[in-house]
Amino acid sequence: MQYRFHGNAAHVEKAQELVRRKARLLERRFANAADDLKLLDVALHYHDKTNSYRARLLFRGPTQQIAADGHADTLGYAIRRAFHNLYDQVDRYLADLQREPEIRRAQSEGQAEREARLREMKHGTIEQGSEEADVG
């Protein structure tokens with residue numbers, strides 16, 4: 001994976017180390033893609049007015065760009081928040097590629113049909129029992 005760092009935050013060396021450590025999960029998730037197709041653009045900014053940090057991540061994968069943002073009082077926490085947001089989006093992206101939402105939708109539709117049949121059977125049994133009581 002390629003990295004591009006920019007911004008005005010101090011302690012950039014420690015921040016780069018943290019980013020590379022956190023990005024290992026992305027590298028594992030996209031292990032089948034060539035390294036030149038994966039780029040993580042990292043913007044680390046310190047805001048004097050609010051005395052806080054903002055980490056912005058843009059992951060450019062083989063077929064998609066995914067952006068994430070983290071804001072916190074410390075640079076490390078801002079980076080962690082941004083990666084947490086990025087991981088969530090990557091999970092959704094990979095699930096869409098594997099058609100998991102469609103599979104879940106089909107499974108839930110199948111479940112609804114089974115429940116409807118069970119209700120029909122239950123009502124049919126109850127009605128049949130009441131008819132037998134009327135006849136008997």
# chains A, B, ... in the order shown; residues from 1 in each chain; ligands from 1
>>> residues_around(residues="Thr74 (chain A)", least_positions_apart="3", cutoff="10 Å", atoms="only C-alpha atoms", output="VMD selection string")
chain A and resid 46 51 to 54 71 77 to 79
>>> residues_around(residues="region 5-7 of chain A", least_positions_apart="6", cutoff="7 Å", atoms="only C-alpha atoms", output="ChimeraX atom specification")
/A:41-45
>>> residues_around(residues="region 85-94 of chain A", least_positions_apart="2", cutoff="12 Å", atoms="only C-alpha atoms", output="PyMOL selection string")
chain A and resi 22-30+40+42+55-71+78-83+96-101
>>> write_last_selection(atoms="N, CA, C and O atoms", output="compact mmCIF listing (two decimals), in the first residue's frame")
# COMPACT_ATOMS: atom_id res chain seq x y z
N LYS A 22 -2.36 0.86 12.03
CA LYS A 22 -3.81 0.74 11.86
C LYS A 22 -4.18 0.29 10.44
O LYS A 22 -5.20 -0.35 10.23
N ALA A 23 -3.36 0.66 9.47
CA ALA A 23 -3.66 0.34 8.07
C ALA A 23 -3.38 -1.12 7.73
O ALA A 23 -3.77 -1.58 6.66
N ARG A 24 -2.74 -1.85 8.62
CA ARG A 24 -2.47 -3.27 8.34
C ARG A 24 -3.76 -4.04 8.11
O ARG A 24 -3.79 -4.96 7.30
N LEU A 25 -4.81 -3.68 8.82
CA LEU A 25 -6.09 -4.35 8.62
C LEU A 25 -6.60 -4.12 7.19
O LEU A 25 -7.10 -5.04 6.54
N LEU A 26 -6.45 -2.90 6.71
CA LEU A 26 -6.84 -2.61 5.32
C LEU A 26 -6.02 -3.43 4.35
O LEU A 26 -6.54 -3.95 3.36
N GLU A 27 -4.72 -3.51 4.63
CA GLU A 27 -3.86 -4.28 3.74
C GLU A 27 -4.28 -5.75 3.70
O GLU A 27 -4.28 -6.37 2.64
N ARG A 28 -4.68 -6.29 4.85
CA ARG A 28 -5.14 -7.68 4.87
C ARG A 28 -6.46 -7.83 4.13
O ARG A 28 -6.68 -8.83 3.44
N ARG A 29 -7.37 -6.87 4.30
CA ARG A 29 -8.68 -6.95 3.65
C ARG A 29 -8.57 -6.86 2.14
O ARG A 29 -9.38 -7.40 1.41
N PHE A 30 -7.54 -6.14 1.66
CA PHE A 30 -7.35 -5.95 0.22
C PHE A 30 -6.05 -6.61 -0.23
O PHE A 30 -5.36 -6.10 -1.10
N LEU A 40 -3.45 5.24 0.63
CA LEU A 40 -4.09 5.85 1.80
C LEU A 40 -3.56 7.27 1.92
O LEU A 40 -2.38 7.48 2.17
N VAL A 42 -3.54 10.59 3.96
CA VAL A 42 -3.76 10.94 5.36
C VAL A 42 -3.48 12.43 5.56
O VAL A 42 -2.38 12.90 5.29
N ALA A 55 -8.16 14.14 11.83
CA ALA A 55 -7.51 13.19 10.93
C ALA A 55 -8.51 12.85 9.82
O ALA A 55 -9.62 12.42 10.10
N ARG A 56 -8.08 13.07 8.62
CA ARG A 56 -8.91 12.73 7.46
C ARG A 56 -8.20 11.66 6.66
O ARG A 56 -7.02 11.81 6.31
N LEU A 57 -8.93 10.61 6.35
CA LEU A 57 -8.37 9.49 5.60
C LEU A 57 -9.14 9.33 4.30
O LEU A 57 -10.37 9.42 4.29
N LEU A 58 -8.41 9.09 3.25
CA LEU A 58 -9.02 8.76 1.97
C LEU A 58 -8.33 7.51 1.46
O LEU A 58 -7.14 7.54 1.12
N PHE A 59 -9.07 6.42 1.45
CA PHE A 59 -8.53 5.16 0.95
C PHE A 59 -8.99 5.00 -0.48
O PHE A 59 -10.17 4.98 -0.77
N ARG A 60 -8.01 4.88 -1.35
CA ARG A 60 -8.31 4.65 -2.77
C ARG A 60 -7.97 3.20 -3.07
O ARG A 60 -6.82 2.82 -3.15
N GLY A 61 -9.02 2.41 -3.19
CA GLY A 61 -8.87 0.99 -3.47
C GLY A 61 -8.95 0.71 -4.95
O GLY A 61 -9.00 1.63 -5.77
N PRO A 62 -8.99 -0.56 -5.30
CA PRO A 62 -9.03 -0.94 -6.72
C PRO A 62 -10.24 -0.39 -7.47
O PRO A 62 -10.13 -0.02 -8.62
N THR A 63 -11.40 -0.31 -6.81
CA THR A 63 -12.60 0.12 -7.52
C THR A 63 -13.36 1.23 -6.80
O THR A 63 -14.39 1.67 -7.31
N GLN A 64 -12.90 1.66 -5.65
CA GLN A 64 -13.68 2.59 -4.84
C GLN A 64 -12.79 3.51 -4.04
O GLN A 64 -11.69 3.13 -3.66
N GLN A 65 -13.28 4.72 -3.77
CA GLN A 65 -12.64 5.63 -2.84
C GLN A 65 -13.52 5.74 -1.61
O GLN A 65 -14.73 5.92 -1.74
N ILE A 66 -12.91 5.61 -0.44
CA ILE A 66 -13.66 5.67 0.80
C ILE A 66 -13.01 6.71 1.70
O ILE A 66 -11.82 6.64 1.98
N ALA A 67 -13.80 7.69 2.15
CA ALA A 67 -13.29 8.77 2.99
C ALA A 67 -13.79 8.59 4.42
O ALA A 67 -14.89 8.11 4.65
N ALA A 68 -12.93 8.97 5.37
CA ALA A 68 -13.30 8.90 6.79
C ALA A 68 -12.68 10.08 7.51
O ALA A 68 -11.67 10.65 7.07
N ASP A 69 -13.28 10.43 8.64
CA ASP A 69 -12.86 11.61 9.38
C ASP A 69 -12.90 11.31 10.86
O ASP A 69 -13.79 10.60 11.33
N GLY A 70 -11.93 11.85 11.58
CA GLY A 70 -11.91 11.72 13.03
C GLY A 70 -11.49 13.03 13.66
O GLY A 70 -10.56 13.69 13.17
N HIS A 71 -12.14 13.42 14.72
CA HIS A 71 -11.85 14.69 15.39
C HIS A 71 -11.77 14.41 16.88
O HIS A 71 -12.66 13.77 17.45
N ALA A 78 -7.77 11.03 17.42
CA ALA A 78 -8.38 11.45 16.15
C ALA A 78 -8.09 10.43 15.06
O ALA A 78 -8.98 10.09 14.26
N ILE A 79 -6.87 9.91 15.04
CA ILE A 79 -6.51 8.89 14.05
C ILE A 79 -7.31 7.62 14.30
O ILE A 79 -7.85 7.02 13.37
N ARG A 80 -7.43 7.21 15.55
CA ARG A 80 -8.20 6.01 15.86
C ARG A 80 -9.67 6.16 15.47
O ARG A 80 -10.28 5.23 14.93
N ARG A 81 -10.25 7.32 15.73
CA ARG A 81 -11.65 7.56 15.35
C ARG A 81 -11.82 7.50 13.83
O ARG A 81 -12.79 6.94 13.32
N ALA A 82 -10.88 8.10 13.11
CA ALA A 82 -10.95 8.09 11.65
C ALA A 82 -10.86 6.66 11.12
O ALA A 82 -11.61 6.27 10.22
N PHE A 83 -9.95 5.86 11.68
CA PHE A 83 -9.83 4.48 11.24
C PHE A 83 -11.07 3.67 11.60
O PHE A 83 -11.50 2.81 10.82
N ASP A 96 -21.16 -5.33 0.27
CA ASP A 96 -21.87 -5.06 -0.98
C ASP A 96 -21.25 -5.82 -2.14
O ASP A 96 -21.95 -6.32 -3.02
N LEU A 97 -19.91 -5.89 -2.17
CA LEU A 97 -19.24 -6.63 -3.24
C LEU A 97 -19.59 -8.11 -3.20
O LEU A 97 -19.72 -8.75 -4.23
N GLN A 98 -19.76 -8.63 -2.00
CA GLN A 98 -20.08 -10.05 -1.84
C GLN A 98 -21.58 -10.29 -1.86
O GLN A 98 -22.03 -11.40 -1.61
N ARG A 99 -22.35 -9.23 -2.11
CA ARG A 99 -23.80 -9.29 -2.23
C ARG A 99 -24.47 -9.76 -0.95
O ARG A 99 -25.55 -10.34 -0.98
N GLU A 100 -23.86 -9.51 0.20
CA GLU A 100 -24.44 -9.92 1.47
C GLU A 100 -25.79 -9.27 1.75
O GLU A 100 -26.69 -9.94 2.23
N PRO A 101 -25.98 -7.97 1.46
CA PRO A 101 -27.31 -7.41 1.72
C PRO A 101 -28.41 -8.12 0.93
O PRO A 101 -29.50 -8.35 1.45
>>> closest_residue(among="A:Ala112, A:Met121, A:Leu75, A:Ala95", to="Glu13 (chain A)", atoms="only C-alpha atoms")
A:Leu75
>>> select_by_dssp(residues="chain A", states="alpha helix (DSSP H)", output="number ranges by chain")
A: 12-22, 24-29, 75-97, 100-135
>>> select_by_dssp(residues="chain A", states="strand (DSSP E)", output="PyMOL selection string")
chain A and resi 2-7+39-47+52-60+65-72
>>> atom_distance(atom1="CA of Met1 (chain A)", atom2="CA of Asp35 (chain A)")
4.7 Å
>>> closest_residue(among="A:His84, A:Glu17, A:Tyr3, A:Asp73", to="His47 (chain A)", atoms="only C-alpha atoms")
A:Asp73
>>> decode(residues="region 84-100 of chain A", atoms="N, CA, C and O atoms", output="PDB file, in the first residue's frame")
ATOM      1  N   HIS A  84     -11.662   3.913  12.752  1.00  0.00           N
ATOM      2  CA  HIS A  84     -12.886   3.217  13.125  1.00  0.00           C
ATOM      3  C   HIS A  84     -13.982   3.494  12.088  1.00  0.00           C
ATOM      4  O   HIS A  84     -14.674   2.574  11.627  1.00  0.00           O
ATOM      5  N   ASN A  85     -14.110   4.738  11.707  1.00  0.00           N
ATOM      6  CA  ASN A  85     -15.074   5.131  10.686  1.00  0.00           C
ATOM      7  C   ASN A  85     -14.735   4.463   9.346  1.00  0.00           C
ATOM      8  O   ASN A  85     -15.613   3.945   8.652  1.00  0.00           O
ATOM      9  N   LEU A  86     -13.457   4.448   8.998  1.00  0.00           N
ATOM     10  CA  LEU A  86     -13.019   3.849   7.742  1.00  0.00           C
ATOM     11  C   LEU A  86     -13.283   2.348   7.720  1.00  0.00           C
ATOM     12  O   LEU A  86     -13.779   1.810   6.725  1.00  0.00           O
ATOM     13  N   TYR A  87     -12.986   1.651   8.820  1.00  0.00           N
ATOM     14  CA  TYR A  87     -13.239   0.209   8.884  1.00  0.00           C
ATOM     15  C   TYR A  87     -14.717  -0.102   8.682  1.00  0.00           C
ATOM     16  O   TYR A  87     -15.068  -1.055   7.978  1.00  0.00           O
ATOM     17  N   ASP A  88     -15.597   0.684   9.292  1.00  0.00           N
ATOM     18  CA  ASP A  88     -17.036   0.472   9.116  1.00  0.00           C
ATOM     19  C   ASP A  88     -17.433   0.594   7.655  1.00  0.00           C
ATOM     20  O   ASP A  88     -18.193  -0.223   7.124  1.00  0.00           O
ATOM     21  N   GLN A  89     -16.921   1.625   7.007  1.00  0.00           N
ATOM     22  CA  GLN A  89     -17.268   1.841   5.603  1.00  0.00           C
ATOM     23  C   GLN A  89     -16.686   0.752   4.709  1.00  0.00           C
ATOM     24  O   GLN A  89     -17.327   0.312   3.751  1.00  0.00           O
ATOM     25  N   VAL A  90     -15.470   0.310   5.004  1.00  0.00           N
ATOM     26  CA  VAL A  90     -14.853  -0.765   4.221  1.00  0.00           C
ATOM     27  C   VAL A  90     -15.648  -2.061   4.395  1.00  0.00           C
ATOM     28  O   VAL A  90     -15.876  -2.782   3.424  1.00  0.00           O
ATOM     29  N   ASP A  91     -16.091  -2.345   5.619  1.00  0.00           N
ATOM     30  CA  ASP A  91     -16.906  -3.538   5.850  1.00  0.00           C
ATOM     31  C   ASP A  91     -18.177  -3.500   5.014  1.00  0.00           C
ATOM     32  O   ASP A  91     -18.563  -4.500   4.404  1.00  0.00           O
ATOM     33  N   ARG A  92     -18.842  -2.340   4.977  1.00  0.00           N
ATOM     34  CA  ARG A  92     -20.062  -2.210   4.166  1.00  0.00           C
ATOM     35  C   ARG A  92     -19.750  -2.378   2.683  1.00  0.00           C
ATOM     36  O   ARG A  92     -20.492  -3.037   1.949  1.00  0.00           O
ATOM     37  N   TYR A  93     -18.652  -1.789   2.248  1.00  0.00           N
ATOM     38  CA  TYR A  93     -18.245  -1.877   0.847  1.00  0.00           C
ATOM     39  C   TYR A  93     -17.980  -3.337   0.460  1.00  0.00           C
ATOM     40  O   TYR A  93     -18.471  -3.819  -0.565  1.00  0.00           O
ATOM     41  N   LEU A  94     -17.222  -4.055   1.285  1.00  0.00           N
ATOM     42  CA  LEU A  94     -16.919  -5.452   0.980  1.00  0.00           C
ATOM     43  C   LEU A  94     -18.166  -6.322   1.047  1.00  0.00           C
ATOM     44  O   LEU A  94     -18.318  -7.263   0.269  1.00  0.00           O
ATOM     45  N   ALA A  95     -19.073  -6.029   1.960  1.00  0.00           N
ATOM     46  CA  ALA A  95     -20.332  -6.772   2.039  1.00  0.00           C
ATOM     47  C   ALA A  95     -21.153  -6.556   0.769  1.00  0.00           C
ATOM     48  O   ALA A  95     -21.765  -7.500   0.252  1.00  0.00           O
ATOM     49  N   ASP A  96     -21.156  -5.335   0.269  1.00  0.00           N
ATOM     50  CA  ASP A  96     -21.872  -5.059  -0.978  1.00  0.00           C
ATOM     51  C   ASP A  96     -21.246  -5.817  -2.143  1.00  0.00           C
ATOM     52  O   ASP A  96     -21.955  -6.318  -3.016  1.00  0.00           O
ATOM     53  N   LEU A  97     -19.909  -5.887  -2.172  1.00  0.00           N
ATOM     54  CA  LEU A  97     -19.241  -6.628  -3.238  1.00  0.00           C
ATOM     55  C   LEU A  97     -19.593  -8.106  -3.196  1.00  0.00           C
ATOM     56  O   LEU A  97     -19.721  -8.753  -4.234  1.00  0.00           O
ATOM     57  N   GLN A  98     -19.758  -8.631  -1.999  1.00  0.00           N
ATOM     58  CA  GLN A  98     -20.085 -10.047  -1.838  1.00  0.00           C
ATOM     59  C   GLN A  98     -21.580 -10.288  -1.859  1.00  0.00           C
ATOM     60  O   GLN A  98     -22.030 -11.397  -1.613  1.00  0.00           O
ATOM     61  N   ARG A  99     -22.351  -9.233  -2.105  1.00  0.00           N
ATOM     62  CA  ARG A  99     -23.803  -9.292  -2.228  1.00  0.00           C
ATOM     63  C   ARG A  99     -24.472  -9.762  -0.947  1.00  0.00           C
ATOM     64  O   ARG A  99     -25.549 -10.343  -0.983  1.00  0.00           O
ATOM     65  N   GLU A 100     -23.857  -9.509   0.196  1.00  0.00           N
ATOM     66  CA  GLU A 100     -24.441  -9.918   1.474  1.00  0.00           C
ATOM     67  C   GLU A 100     -25.789  -9.267   1.750  1.00  0.00           C
ATOM     68  O   GLU A 100     -26.690  -9.941   2.228  1.00  0.00           O
TER      69      GLU A 100
END
